[in-house]
Amino acid sequence: MQKIITLNNNVRLLLNGHETFSEVKNALTHAERSINLEYFSFHDDETGNAIKNILMERARKGVTVRMILDAAGSWRLGNRFKRELKDSGINLQIFMPLTIRNINHGVIHRDHRKIITVDGRTGFLGGFNIGDVYLRQWRDTHLKIDGDAVSELDKIFFGMWNKITGSDLNHDSYSFTEDLNHNVPARIIAGGKGNGEFRAVADEYVRIITSAKKRIWITTPYFVPDRKFLNALYLASRNNVDVRIIIPSWSNHPLVSWASQSYIDLLLRNGIKIFVYRDRFIHAKTLIADSHVASVGTANLDSLSFEINYEVQAFVYSTRLVRELEEVFIKDLNNCTEEIIENRKNRPFISRIKACIGRLLSSYL
């Protein structure tokens with residue numbers, strides 16, 4: 001898939017569930033032609049039902065609504081919920097159903113994307129899945145995009161749609177003729193198997209990190225990097241780049257958290273600063289490079305996101321957005337404890353054992 005840079009875009013940063021879902025609901029409510037939604041996790045709760053009801057209302061009004069939900073991420077959705085969607089005229093597809101046929105390669109091979117496009121004009125992507133838990137317990141980051149980059153999101157959506165359905169649909173074509181306020185350059189990169197997407201997000205990360213001159217600030221909920229990514233971080237640090245990484249203090253996947261701990265000493269010895277977020281679970285997947293590149297999307301820094309799952313990441317070339325993310329990063333640091341190499345020597349023995357177990361199993365995480 002081409003990784004073109006689109007120029008005619010407005011990009012808005014969304015930093016909490018209330019703001020994100022409010023913007024999503026507003027965009028969906030005003031849809032006139034089409035809604036395309038591709039999500040890893042969709043919950044049958046107040047937030048999920050509010051969005052479901054808007055989607056059904058739009059479908060009954062003649063808007064073409066297509067949905068892709070990952071079978072594992074959305075496994076709690078019952079048949080009633082899915083039937084209501086379909087009965088309203090929504091075309092719902094499930095990625096990699098959890099069947100015996102798919103069990104060998106489908107358990108960890110998932111569609112981890114979070115994409116919404118409306119009328120080919122407005123799009124959303126980022127860390128937020130759809131559910132009540134993202135309103136209170138998680139700190140996340142999302143993007144709203146108006147402009148030509150939405151066409152790239154639609155291309156990614158229809159690539160998956162055609163893969164699942166066996167059809168050959170093209171994305172909804174729409175070209176902006178109006179002059180947008182910021183004209184922000186943006187590149188949308190899809191990660192996953194096929195169509196030249198394999199390791200695309202990871203390779204772009206490495207390219208940006210090795211090209212940085214002043215700073216690389218990263219926030220990630222899961223940190224189990226491969227050797228190529230680690231080497232890029234080490235090289236940047238040796239070139240006097242300020243490399244900082246925020247990780248959570250706890251995880252909804254304990255083994256991943258254990259594995260992350262096994263990398264911290266190496267990172268610290270190579271001059272990389274690690275900060276542990278002590279408030280809610282931090283689920284944002286962001287990167288800031290120098291003063292001109294910001295990245296927000298769905299990809300974690302682990303082998304699942306780099307080489308197995310389907311992901312989507314926006315790379316935005318905007319000093320304004322970088323400044324906004326820098327402010328967010330600094331604010332998050334206020335809720336963090338910095339890791340110090342001397343302090344880690346006194347870690348409990350059980351913590352060291354867990355880190356070793358996590359590292360041994362990291363290739364399976």
# chains A, B, ... in the order shown; residues from 1 in each chain; ligands from 1
call {"tool": "residues_around", "arguments": {"residues": "range 323-336 of chain A", "least_positions_apart": "3", "cutoff": "6 Å", "atoms": "only C-alpha atoms", "output": "ChimeraX atom specification"}}
result
/A:275-278,320
call {"tool": "write_last_selection", "arguments": {"atoms": "all heavy atoms", "output": "PDB file, in the first residue's frame"}}
result
ATOM      1  N   PHE A 275       9.916   6.388  32.327  1.00  0.00           N
ATOM      2  CA  PHE A 275       8.992   6.939  33.311  1.00  0.00           C
ATOM      3  C   PHE A 275       7.788   6.011  33.434  1.00  0.00           C
ATOM      4  O   PHE A 275       7.199   5.616  32.422  1.00  0.00           O
ATOM      5  CB  PHE A 275       8.542   8.338  32.904  1.00  0.00           C
ATOM      6  CG  PHE A 275       9.675   9.324  32.790  1.00  0.00           C
ATOM      7  CD1 PHE A 275      10.378   9.458  31.598  1.00  0.00           C
ATOM      8  CD2 PHE A 275      10.042  10.100  33.875  1.00  0.00           C
ATOM      9  CE1 PHE A 275      11.427  10.355  31.488  1.00  0.00           C
ATOM     10  CE2 PHE A 275      11.090  11.007  33.776  1.00  0.00           C
ATOM     11  CZ  PHE A 275      11.788  11.133  32.580  1.00  0.00           C
ATOM     12  N   VAL A 276       7.429   5.686  34.666  1.00  0.00           N
ATOM     13  CA  VAL A 276       6.328   4.759  34.927  1.00  0.00           C
ATOM     14  C   VAL A 276       5.102   5.554  35.364  1.00  0.00           C
ATOM     15  O   VAL A 276       5.127   6.261  36.373  1.00  0.00           O
ATOM     16  CB  VAL A 276       6.715   3.739  36.011  1.00  0.00           C
ATOM     17  CG1 VAL A 276       5.545   2.791  36.275  1.00  0.00           C
ATOM     18  CG2 VAL A 276       7.952   2.954  35.579  1.00  0.00           C
ATOM     19  N   TYR A 277       4.034   5.441  34.595  1.00  0.00           N
ATOM     20  CA  TYR A 277       2.791   6.184  34.837  1.00  0.00           C
ATOM     21  C   TYR A 277       2.049   5.557  36.002  1.00  0.00           C
ATOM     22  O   TYR A 277       1.712   4.365  35.969  1.00  0.00           O
ATOM     23  CB  TYR A 277       1.945   6.167  33.570  1.00  0.00           C
ATOM     24  CG  TYR A 277       0.796   7.144  33.556  1.00  0.00           C
ATOM     25  CD1 TYR A 277       1.012   8.497  33.332  1.00  0.00           C
ATOM     26  CD2 TYR A 277      -0.510   6.709  33.739  1.00  0.00           C
ATOM     27  CE1 TYR A 277      -0.042   9.402  33.295  1.00  0.00           C
ATOM     28  CE2 TYR A 277      -1.575   7.599  33.701  1.00  0.00           C
ATOM     29  CZ  TYR A 277      -1.326   8.941  33.487  1.00  0.00           C
ATOM     30  OH  TYR A 277      -2.375   9.830  33.458  1.00  0.00           O
ATOM     31  N   ARG A 278       1.776   6.350  37.034  1.00  0.00           N
ATOM     32  CA  ARG A 278       1.224   5.820  38.281  1.00  0.00           C
ATOM     33  C   ARG A 278      -0.267   6.080  38.446  1.00  0.00           C
ATOM     34  O   ARG A 278      -0.860   5.660  39.445  1.00  0.00           O
ATOM     35  CB  ARG A 278       1.972   6.452  39.471  1.00  0.00           C
ATOM     36  CG  ARG A 278       3.460   6.147  39.502  1.00  0.00           C
ATOM     37  CD  ARG A 278       3.731   4.683  39.728  1.00  0.00           C
ATOM     38  NE  ARG A 278       5.151   4.388  39.826  1.00  0.00           N
ATOM     39  CZ  ARG A 278       5.647   3.166  39.922  1.00  0.00           C
ATOM     40  NH1 ARG A 278       4.827   2.123  39.924  1.00  0.00           N
ATOM     41  NH2 ARG A 278       6.959   2.972  40.004  1.00  0.00           N
ATOM     42  N   ARG A 320       2.484  22.521  15.398  1.00  0.00           N
ATOM     43  CA  ARG A 320       1.383  22.757  16.336  1.00  0.00           C
ATOM     44  C   ARG A 320       1.013  21.481  17.070  1.00  0.00           C
ATOM     45  O   ARG A 320       0.883  21.470  18.305  1.00  0.00           O
ATOM     46  CB  ARG A 320       0.162  23.309  15.600  1.00  0.00           C
ATOM     47  CG  ARG A 320      -1.076  23.464  16.481  1.00  0.00           C
ATOM     48  CD  ARG A 320      -2.307  23.828  15.661  1.00  0.00           C
ATOM     49  NE  ARG A 320      -2.641  22.826  14.674  1.00  0.00           N
ATOM     50  CZ  ARG A 320      -3.350  21.729  14.946  1.00  0.00           C
ATOM     51  NH1 ARG A 320      -3.787  21.482  16.170  1.00  0.00           N
ATOM     52  NH2 ARG A 320      -3.628  20.859  13.989  1.00  0.00           N
TER      53      ARG A 320
END
call {"tool": "closest_atom_pairs", "arguments": {"of": "range 110-207 of chain A", "to": "range 223-226 of chain A", "cutoff": "12 Å", "atoms": "only C-alpha atoms", "output": "tab-separated table"}}
result
residue	atom	partner	partner_atom	distance
A:Arg199	CA	A:Asp226	CA	11.4
A:Ala202	CA	A:Asp226	CA	9.6
A:Asp203	CA	A:Asp226	CA	11.4
A:Tyr205	CA	A:Pro225	CA	11.5
A:Val206	CA	A:Asp226	CA	11.0
call {"tool": "write_last_selection", "arguments": {"atoms": "N, CA and C atoms", "output": "tab-separated table (two decimals), in the first residue's frame"}}
result
chain	number	residue	atom	x	y	z
A	199	ARG	N	5.41	-4.92	8.66
A	199	ARG	CA	6.39	-4.12	9.40
A	199	ARG	C	6.43	-2.66	8.96
A	202	ALA	N	6.48	-0.30	12.05
A	202	ALA	CA	7.74	-0.45	12.77
A	202	ALA	C	8.90	0.18	12.00
A	203	ASP	N	8.93	-0.03	10.69
A	203	ASP	CA	10.01	0.53	9.89
A	203	ASP	C	9.97	2.06	9.86
A	205	TYR	N	8.77	3.94	12.30
A	205	TYR	CA	9.28	4.32	13.62
A	205	TYR	C	10.81	4.36	13.62
A	206	VAL	N	11.41	3.29	13.13
A	206	VAL	CA	12.87	3.20	13.13
A	206	VAL	C	13.48	4.31	12.29
call {"tool": "residues_around", "arguments": {"residues": "range 131-147 of chain A", "least_positions_apart": "5", "cutoff": "9 Å", "atoms": "only C-alpha atoms", "output": "short mmCIF file (atom, residue, chain, number, x, y, z; two decimals) with all heavy atoms, in the first residue's frame"}}
result
data_model
loop_
_atom_site.label_atom_id
_atom_site.label_comp_id
_atom_site.auth_asym_id
_atom_site.auth_seq_id
_atom_site.Cartn_x
_atom_site.Cartn_y
_atom_site.Cartn_z
N THR A 6 -0.61 13.27 2.41
CA THR A 6 -1.68 14.18 1.99
C THR A 6 -1.46 15.52 2.68
O THR A 6 -0.97 15.59 3.80
CB THR A 6 -3.05 13.62 2.38
OG1 THR A 6 -3.12 13.43 3.80
CG2 THR A 6 -3.29 12.27 1.70
N LEU A 7 -1.84 16.60 2.00
CA LEU A 7 -1.49 17.93 2.47
C LEU A 7 -2.67 18.72 3.02
O LEU A 7 -2.50 19.59 3.87
CB LEU A 7 -0.84 18.73 1.33
CG LEU A 7 0.43 18.12 0.72
CD1 LEU A 7 0.91 18.98 -0.44
CD2 LEU A 7 1.50 17.98 1.77
N ASN A 8 -3.86 18.44 2.54
CA ASN A 8 -5.02 19.28 2.86
C ASN A 8 -5.82 18.66 4.00
O ASN A 8 -6.82 17.97 3.80
CB ASN A 8 -5.88 19.41 1.61
CG ASN A 8 -6.88 20.55 1.71
OD1 ASN A 8 -6.65 21.53 2.42
ND2 ASN A 8 -7.99 20.43 1.00
N ASN A 9 -5.36 18.91 5.25
CA ASN A 9 -5.99 18.28 6.41
C ASN A 9 -6.09 19.23 7.60
O ASN A 9 -5.20 20.07 7.81
CB ASN A 9 -5.17 17.06 6.87
CG ASN A 9 -5.02 16.01 5.80
OD1 ASN A 9 -5.99 15.35 5.43
ND2 ASN A 9 -3.81 15.84 5.30
N ASN A 10 -7.16 19.09 8.34
CA ASN A 10 -7.24 19.57 9.72
C ASN A 10 -7.06 18.38 10.64
O ASN A 10 -7.68 17.32 10.40
CB ASN A 10 -8.60 20.21 10.00
CG ASN A 10 -8.67 21.66 9.55
OD1 ASN A 10 -7.65 22.27 9.25
ND2 ASN A 10 -9.88 22.19 9.49
N VAL A 11 -6.26 18.52 11.68
CA VAL A 11 -6.02 17.42 12.61
C VAL A 11 -6.24 17.92 14.02
O VAL A 11 -5.66 18.94 14.43
CB VAL A 11 -4.58 16.86 12.47
CG1 VAL A 11 -4.38 15.70 13.43
CG2 VAL A 11 -4.31 16.41 11.04
N ARG A 12 -7.07 17.20 14.76
CA ARG A 12 -7.37 17.59 16.14
C ARG A 12 -7.02 16.45 17.09
O ARG A 12 -7.35 15.29 16.85
CB ARG A 12 -8.84 17.94 16.28
CG ARG A 12 -9.22 18.32 17.72
CD ARG A 12 -10.69 18.69 17.84
NE ARG A 12 -11.06 18.88 19.24
CZ ARG A 12 -12.30 19.07 19.65
NH1 ARG A 12 -13.30 19.11 18.78
NH2 ARG A 12 -12.56 19.22 20.94
N LEU A 13 -6.35 16.80 18.18
CA LEU A 13 -5.96 15.85 19.21
C LEU A 13 -7.10 15.65 20.19
O LEU A 13 -7.70 16.62 20.67
CB LEU A 13 -4.73 16.38 19.94
CG LEU A 13 -3.82 15.42 20.71
CD1 LEU A 13 -3.26 14.36 19.78
CD2 LEU A 13 -2.71 16.21 21.38
N LEU A 14 -7.43 14.39 20.49
CA LEU A 14 -8.48 14.04 21.46
C LEU A 14 -7.84 13.24 22.59
O LEU A 14 -7.20 12.21 22.34
CB LEU A 14 -9.58 13.22 20.78
CG LEU A 14 -10.25 13.89 19.57
CD1 LEU A 14 -11.17 12.91 18.86
CD2 LEU A 14 -11.01 15.13 20.00
N LEU A 15 -8.03 13.70 23.83
CA LEU A 15 -7.22 13.19 24.93
C LEU A 15 -7.99 12.45 26.01
O LEU A 15 -7.38 11.97 26.97
CB LEU A 15 -6.45 14.36 25.57
CG LEU A 15 -5.47 15.06 24.63
CD1 LEU A 15 -4.90 16.31 25.30
CD2 LEU A 15 -4.35 14.12 24.23
N ASN A 16 -9.30 12.35 25.89
CA ASN A 16 -10.05 11.58 26.88
C ASN A 16 -11.29 10.99 26.22
O ASN A 16 -11.69 11.39 25.12
CB ASN A 16 -10.44 12.43 28.09
CG ASN A 16 -11.31 13.61 27.72
OD1 ASN A 16 -12.48 13.43 27.34
ND2 ASN A 16 -10.79 14.82 27.83
N GLY A 17 -11.87 10.00 26.90
CA GLY A 17 -13.00 9.30 26.31
C GLY A 17 -14.21 10.17 26.08
O GLY A 17 -14.90 10.05 25.06
N HIS A 18 -14.50 11.07 27.01
CA HIS A 18 -15.68 11.93 26.86
C HIS A 18 -15.56 12.80 25.60
O HIS A 18 -16.51 12.91 24.81
CB HIS A 18 -15.84 12.82 28.10
CG HIS A 18 -16.21 12.06 29.34
ND1 HIS A 18 -17.49 11.60 29.57
CD2 HIS A 18 -15.46 11.67 30.40
CE1 HIS A 18 -17.53 10.97 30.72
NE2 HIS A 18 -16.32 11.00 31.25
N THR A 20 -13.54 12.29 22.99
CA THR A 20 -13.46 11.45 21.80
C THR A 20 -14.83 10.95 21.37
O THR A 20 -15.23 11.08 20.20
CB THR A 20 -12.52 10.26 22.05
OG1 THR A 20 -11.21 10.74 22.36
CG2 THR A 20 -12.44 9.36 20.82
N PHE A 21 -15.58 10.36 22.30
CA PHE A 21 -16.88 9.80 21.94
C PHE A 21 -17.89 10.89 21.59
O PHE A 21 -18.78 10.67 20.76
CB PHE A 21 -17.40 8.91 23.06
CG PHE A 21 -16.54 7.69 23.30
CD1 PHE A 21 -16.19 7.31 24.59
CD2 PHE A 21 -16.06 6.95 22.24
CE1 PHE A 21 -15.40 6.20 24.81
CE2 PHE A 21 -15.27 5.84 22.46
CZ PHE A 21 -14.93 5.45 23.74
N GLU A 23 -17.13 13.67 19.95
CA GLU A 23 -16.81 14.02 18.57
C GLU A 23 -17.25 12.92 17.61
O GLU A 23 -17.77 13.19 16.52
CB GLU A 23 -15.31 14.29 18.42
CG GLU A 23 -14.84 15.58 19.05
CD GLU A 23 -15.34 16.80 18.31
OE1 GLU A 23 -15.55 16.73 17.09
OE2 GLU A 23 -15.54 17.84 18.97
N VAL A 24 -17.04 11.67 18.00
CA VAL A 24 -17.45 10.54 17.16
C VAL A 24 -18.97 10.54 16.97
O VAL A 24 -19.48 10.41 15.85
CB VAL A 24 -16.98 9.21 17.78
CG1 VAL A 24 -17.68 8.02 17.12
CG2 VAL A 24 -15.47 9.06 17.63
N SER A 41 -12.21 -3.65 19.52
CA SER A 41 -13.06 -3.95 20.67
C SER A 41 -14.25 -3.00 20.73
O SER A 41 -14.08 -1.79 20.78
CB SER A 41 -12.25 -3.85 21.97
OG SER A 41 -13.04 -4.21 23.09
N PHE A 42 -15.44 -3.57 20.71
CA PHE A 42 -16.70 -2.83 20.78
C PHE A 42 -17.51 -3.46 21.91
O PHE A 42 -17.74 -4.66 21.91
CB PHE A 42 -17.44 -2.93 19.44
CG PHE A 42 -18.47 -1.88 19.20
CD1 PHE A 42 -18.31 -0.94 18.21
CD2 PHE A 42 -19.64 -1.83 19.96
CE1 PHE A 42 -19.27 0.04 17.96
CE2 PHE A 42 -20.61 -0.86 19.73
CZ PHE A 42 -20.42 0.07 18.73
N HIS A 43 -17.92 -2.65 22.89
CA HIS A 43 -18.55 -3.19 24.10
C HIS A 43 -20.07 -2.98 24.08
O HIS A 43 -20.57 -1.96 23.60
CB HIS A 43 -17.98 -2.52 25.34
CG HIS A 43 -16.54 -2.86 25.60
ND1 HIS A 43 -16.13 -3.55 26.71
CD2 HIS A 43 -15.42 -2.62 24.87
CE1 HIS A 43 -14.82 -3.72 26.68
NE2 HIS A 43 -14.37 -3.15 25.57
N ASP A 44 -20.77 -3.94 24.67
CA ASP A 44 -22.22 -3.84 24.86
C ASP A 44 -22.47 -3.18 26.21
O ASP A 44 -22.80 -3.82 27.21
CB ASP A 44 -22.84 -5.23 24.82
CG ASP A 44 -24.35 -5.21 24.93
OD1 ASP A 44 -24.92 -4.10 25.00
OD2 ASP A 44 -24.96 -6.30 24.95
N ASP A 45 -22.28 -1.86 26.24
CA ASP A 45 -22.49 -1.08 27.46
C ASP A 45 -23.10 0.26 27.06
O ASP A 45 -23.54 0.43 25.90
CB ASP A 45 -21.18 -0.91 28.24
CG ASP A 45 -20.05 -0.30 27.42
OD1 ASP A 45 -20.34 0.33 26.38
OD2 ASP A 45 -18.87 -0.46 27.79
N GLU A 46 -23.14 1.22 27.96
CA GLU A 46 -23.80 2.49 27.67
C GLU A 46 -23.16 3.19 26.47
O GLU A 46 -23.87 3.67 25.57
CB GLU A 46 -23.75 3.40 28.89
CG GLU A 46 -24.51 4.71 28.71
CD GLU A 46 -24.53 5.56 29.97
OE1 GLU A 46 -24.12 5.05 31.04
OE2 GLU A 46 -24.96 6.73 29.89
N THR A 47 -21.83 3.26 26.44
CA THR A 47 -21.14 3.92 25.33
C THR A 47 -21.34 3.16 24.04
O THR A 47 -21.67 3.75 23.00
CB THR A 47 -19.65 4.05 25.64
OG1 THR A 47 -19.47 4.83 26.83
CG2 THR A 47 -18.91 4.71 24.49
N GLY A 48 -21.16 1.85 24.09
CA GLY A 48 -21.32 1.04 22.88
C GLY A 48 -22.73 1.11 22.33
O GLY A 48 -22.93 1.21 21.11
N ASN A 49 -23.72 1.08 23.20
CA ASN A 49 -25.12 1.13 22.74
C ASN A 49 -25.49 2.50 22.19
O ASN A 49 -26.28 2.60 21.26
CB ASN A 49 -26.05 0.72 23.87
CG ASN A 49 -26.17 -0.79 24.00
OD1 ASN A 49 -26.88 -1.43 23.24
ND2 ASN A 49 -25.43 -1.35 24.94
N GLY A 120 -16.31 10.02 3.75
CA GLY A 120 -15.00 10.25 3.12
C GLY A 120 -14.37 11.57 3.50
O GLY A 120 -13.33 11.94 2.95
N ARG A 121 -14.96 12.27 4.46
CA ARG A 121 -14.51 13.62 4.81
C ARG A 121 -13.88 13.70 6.19
O ARG A 121 -12.93 14.45 6.42
CB ARG A 121 -15.68 14.61 4.75
CG ARG A 121 -16.33 14.77 3.40
CD ARG A 121 -17.64 15.55 3.51
NE ARG A 121 -17.43 16.86 4.13
CZ ARG A 121 -17.28 17.98 3.44
NH1 ARG A 121 -17.31 17.97 2.12
NH2 ARG A 121 -17.11 19.14 4.06
N THR A 122 -14.46 12.96 7.15
CA THR A 122 -14.02 13.01 8.53
C THR A 122 -13.60 11.62 8.97
O THR A 122 -14.29 10.64 8.70
CB THR A 122 -15.14 13.53 9.45
OG1 THR A 122 -15.50 14.86 9.06
CG2 THR A 122 -14.71 13.53 10.91
N GLY A 123 -12.47 11.55 9.67
CA GLY A 123 -11.98 10.26 10.12
C GLY A 123 -11.44 10.32 11.54
O GLY A 123 -11.06 11.38 12.04
N PHE A 124 -11.43 9.16 12.18
CA PHE A 124 -10.90 9.01 13.53
C PHE A 124 -9.99 7.79 13.58
O PHE A 124 -10.28 6.77 12.96
CB PHE A 124 -12.03 8.81 14.55
CG PHE A 124 -13.00 9.95 14.64
CD1 PHE A 124 -14.10 10.02 13.79
CD2 PHE A 124 -12.84 10.96 15.58
CE1 PHE A 124 -15.02 11.06 13.88
CE2 PHE A 124 -13.74 12.01 15.68
CZ PHE A 124 -14.84 12.06 14.83
N LEU A 125 -8.90 7.91 14.34
CA LEU A 125 -8.05 6.76 14.63
C LEU A 125 -7.27 7.04 15.91
O LEU A 125 -7.10 8.20 16.29
CB LEU A 125 -7.09 6.43 13.49
CG LEU A 125 -5.84 7.31 13.33
CD1 LEU A 125 -4.76 6.56 12.56
CD2 LEU A 125 -6.17 8.61 12.62
N GLY A 126 -6.81 5.99 16.55
CA GLY A 126 -6.03 6.17 17.76
C GLY A 126 -6.17 4.99 18.68
O GLY A 126 -6.41 3.86 18.24
N SER A 175 -12.74 14.48 -2.82
CA SER A 175 -11.59 15.38 -2.83
C SER A 175 -12.02 16.74 -2.28
O SER A 175 -13.02 17.31 -2.73
CB SER A 175 -11.04 15.56 -4.25
OG SER A 175 -9.94 16.43 -4.25
N PHE A 176 -11.27 17.23 -1.30
CA PHE A 176 -11.60 18.51 -0.70
C PHE A 176 -11.28 19.65 -1.66
O PHE A 176 -10.17 19.76 -2.16
CB PHE A 176 -10.83 18.71 0.61
CG PHE A 176 -11.54 18.13 1.79
CD1 PHE A 176 -11.52 16.77 2.04
CD2 PHE A 176 -12.25 18.95 2.65
CE1 PHE A 176 -12.18 16.24 3.12
CE2 PHE A 176 -12.92 18.43 3.74
CZ PHE A 176 -12.89 17.06 3.97
N LEU A 180 -8.76 24.27 3.84
CA LEU A 180 -8.86 24.03 5.26
C LEU A 180 -7.94 24.98 6.03
O LEU A 180 -7.01 25.56 5.49
CB LEU A 180 -8.49 22.57 5.57
CG LEU A 180 -9.46 21.54 4.95
CD1 LEU A 180 -8.97 20.14 5.19
CD2 LEU A 180 -10.86 21.71 5.50
N ASN A 183 -4.06 23.03 6.71
CA ASN A 183 -3.34 22.33 5.65
C ASN A 183 -2.20 21.50 6.22
O ASN A 183 -1.03 21.63 5.82
CB ASN A 183 -2.81 23.33 4.61
CG ASN A 183 -3.95 24.00 3.85
OD1 ASN A 183 -4.95 23.37 3.56
ND2 ASN A 183 -3.79 25.28 3.55
N ASP A 279 -0.90 6.77 37.51
CA ASP A 279 -2.32 7.09 37.65
C ASP A 279 -3.14 5.95 37.05
O ASP A 279 -2.95 4.79 37.40
CB ASP A 279 -2.60 8.43 36.96
CG ASP A 279 -3.93 9.04 37.36
OD1 ASP A 279 -4.63 8.43 38.18
OD2 ASP A 279 -4.26 10.12 36.85
N ARG A 280 -4.00 6.22 36.13
CA ARG A 280 -4.77 5.19 35.46
C ARG A 280 -3.87 4.39 34.51
O ARG A 280 -2.69 4.68 34.37
CB ARG A 280 -5.91 5.83 34.68
CG ARG A 280 -6.92 6.57 35.52
CD ARG A 280 -7.75 7.51 34.67
NE ARG A 280 -6.95 8.62 34.14
CZ ARG A 280 -7.34 9.41 33.16
NH1 ARG A 280 -8.50 9.19 32.56
NH2 ARG A 280 -6.58 10.40 32.75
N PHE A 281 -4.45 3.38 33.86
CA PHE A 281 -3.70 2.64 32.84
C PHE A 281 -3.51 3.54 31.62
O PHE A 281 -4.48 4.03 31.04
CB PHE A 281 -4.47 1.37 32.45
CG PHE A 281 -3.82 0.57 31.36
CD1 PHE A 281 -2.47 0.26 31.42
CD2 PHE A 281 -4.55 0.14 30.27
CE1 PHE A 281 -1.87 -0.48 30.42
CE2 PHE A 281 -3.97 -0.61 29.27
CZ PHE A 281 -2.61 -0.92 29.34
N ILE A 282 -2.27 3.77 31.23
CA ILE A 282 -2.01 4.62 30.07
C ILE A 282 -1.95 3.74 28.83
O ILE A 282 -1.14 2.83 28.71
CB ILE A 282 -0.73 5.47 30.27
CG1 ILE A 282 -0.67 6.56 29.19
CG2 ILE A 282 0.53 4.63 30.33
CD1 ILE A 282 0.25 7.72 29.54
N HIS A 283 -2.86 4.00 27.89
CA HIS A 283 -3.05 3.16 26.71
C HIS A 283 -2.70 3.90 25.43
O HIS A 283 -2.86 3.37 24.33
CB HIS A 283 -4.52 2.69 26.68
CG HIS A 283 -4.82 1.62 25.69
ND1 HIS A 283 -5.61 1.83 24.58
CD2 HIS A 283 -4.43 0.32 25.63
CE1 HIS A 283 -5.72 0.70 23.89
NE2 HIS A 283 -5.02 -0.23 24.49
N ALA A 284 -2.18 5.12 25.54
CA ALA A 284 -1.85 5.92 24.36
C ALA A 284 -0.65 5.33 23.62
O ALA A 284 0.27 4.79 24.24
CB ALA A 284 -1.53 7.35 24.78
N LYS A 285 -0.69 5.46 22.29
CA LYS A 285 0.41 4.99 21.45
C LYS A 285 0.88 6.19 20.63
O LYS A 285 0.40 6.44 19.52
CB LYS A 285 -0.04 3.86 20.51
CG LYS A 285 -0.71 2.66 21.24
CD LYS A 285 -2.18 2.75 21.13
CE LYS A 285 -2.94 1.48 21.45
NZ LYS A 285 -2.51 0.57 22.40
N THR A 286 1.83 6.95 21.19
CA THR A 286 2.25 8.20 20.55
C THR A 286 3.77 8.29 20.48
O THR A 286 4.48 7.68 21.28
CB THR A 286 1.72 9.43 21.32
OG1 THR A 286 2.32 9.49 22.62
CG2 THR A 286 0.21 9.38 21.47
N VAL A 296 0.31 9.21 16.12
CA VAL A 296 -0.76 8.71 16.98
C VAL A 296 -1.44 7.57 16.23
O VAL A 296 -1.70 7.68 15.03
CB VAL A 296 -1.80 9.80 17.32
CG1 VAL A 296 -2.95 9.22 18.15
CG2 VAL A 296 -1.15 10.96 18.06
N GLY A 297 -1.72 6.48 16.93
CA GLY A 297 -2.39 5.39 16.25
C GLY A 297 -2.69 4.22 17.16
O GLY A 297 -2.90 4.40 18.37
N ALA A 314 -1.04 7.20 12.25
CA ALA A 314 -0.94 8.47 11.54
C ALA A 314 0.38 9.15 11.91
O ALA A 314 0.75 9.21 13.08
CB ALA A 314 -2.10 9.38 11.91
#
call {"tool": "select_by_dssp", "arguments": {"residues": "range 4-120 of chain A", "states": "strand (DSSP E)", "output": "ChimeraX atom specification"}}
result
/A:5-6,9-14,34-39,64-70,91-95,114-118
call {"tool": "select_by_dssp", "arguments": {"residues": "range 76-279 of chain A", "states": "alpha helix (DSSP H)", "output": "ChimeraX atom specification"}}
result
/A:79-87,103-106,133-136,149-165,200-211,227-238,254-269
call {"tool": "residues_around", "arguments": {"residues": "Glu152 in chain A", "least_positions_apart": "5", "cutoff": "9 Å", "atoms": "only C-alpha atoms", "output": "list in words"}}
result
Lys3, Ile4, Thr6, Phe157, His171, Arg187, Ile188 and Ile189 of chain A
call {"tool": "closest_residue", "arguments": {"among": "A:Ile288, A:Ile156, A:Ile245, A:Leu268", "to": "Ile208 in chain A", "atoms": "only C-alpha atoms"}}
result
A:Ile288
